[in-house]
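Before any comments, here is the structure.
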Amino acid sequence: MGHGETATSESGGRLFSISRVAELTGVGVQSLRQYEARGLVTPMRSDGGTRRFSREDIARLRRVRELVDVGANLASIGIILDLQDENTSLRYELRRMQ
């Protein structure tokens with residue numbers, strides 16, 4: 001599989017290479033690696049260790065980019081994303097209980 005090609009996850013969703021994600025999001029490859037190192041995104045890894053990003057990862061990276069564009073630093077972005085994830089989880093639980 002080449003750099004720009006896609007794969008499929010075990011759940012059937014498309015997975016994208018780091019170079020393809022860089023094209024889709026406008027985020028540089030080095031920044032993508034930095035975001036992963038900071039825990040802002042956690043792409044899957046192939047058996048060979050190659051990063052494979054899901055559509056959910058891409059959506060999250062777009063949100064990271066939006067926050068960077070308005071001047072948020074990476075530490076703040078991590079807190080914002082954690083709070084958003086927690087809010088989403090709580091909403092899901094609330095709906096499930098109703």
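Following the order of the structure tokens, chains are lettered A, B, ..., residues in each are numbered from 1, and ligands are numbered from 1.
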| What residues in chain A get the DSSP label helix (DSSP H, G or I)? Please answer as a ChimeraX atom specification. | /A:18-25,29-37,55-69,74-97
| said: Which residues are close to Thr25 of chain A, i.e. within 8 Å by only C-alpha atoms, leaving aside same-chain residues fewer than 4 positions away? Reply as a PyMOL selection string. | reply: chain A and resi 21+58+61-62
| said: Using DSSP secondary structure from the backbone, list all strand (DSSP E or B) positions within chain A, as a list in words. | reply: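 Going through chain A, the strand (DSSP E or B) residues come out as Thr6, Ala7, Thr8, Arg14, Leu15, Phe16, Met44, Arg45, Arg51, Arg52 and Phe53 of chain A.
You can rank A:Arg65, A:Gly48, A:Thr88, A:Gln98 by their closest distance to Gly28 of chain A using only C-alpha atoms, and at the top of that list sits A:Arg65.
Distance annotation: of A:Arg95, A:Arg52, A:Arg45, A:Arg38, the residue with the minimal separation from Ala75 of chain A is A:Arg38; atom set is only C-alpha atoms.
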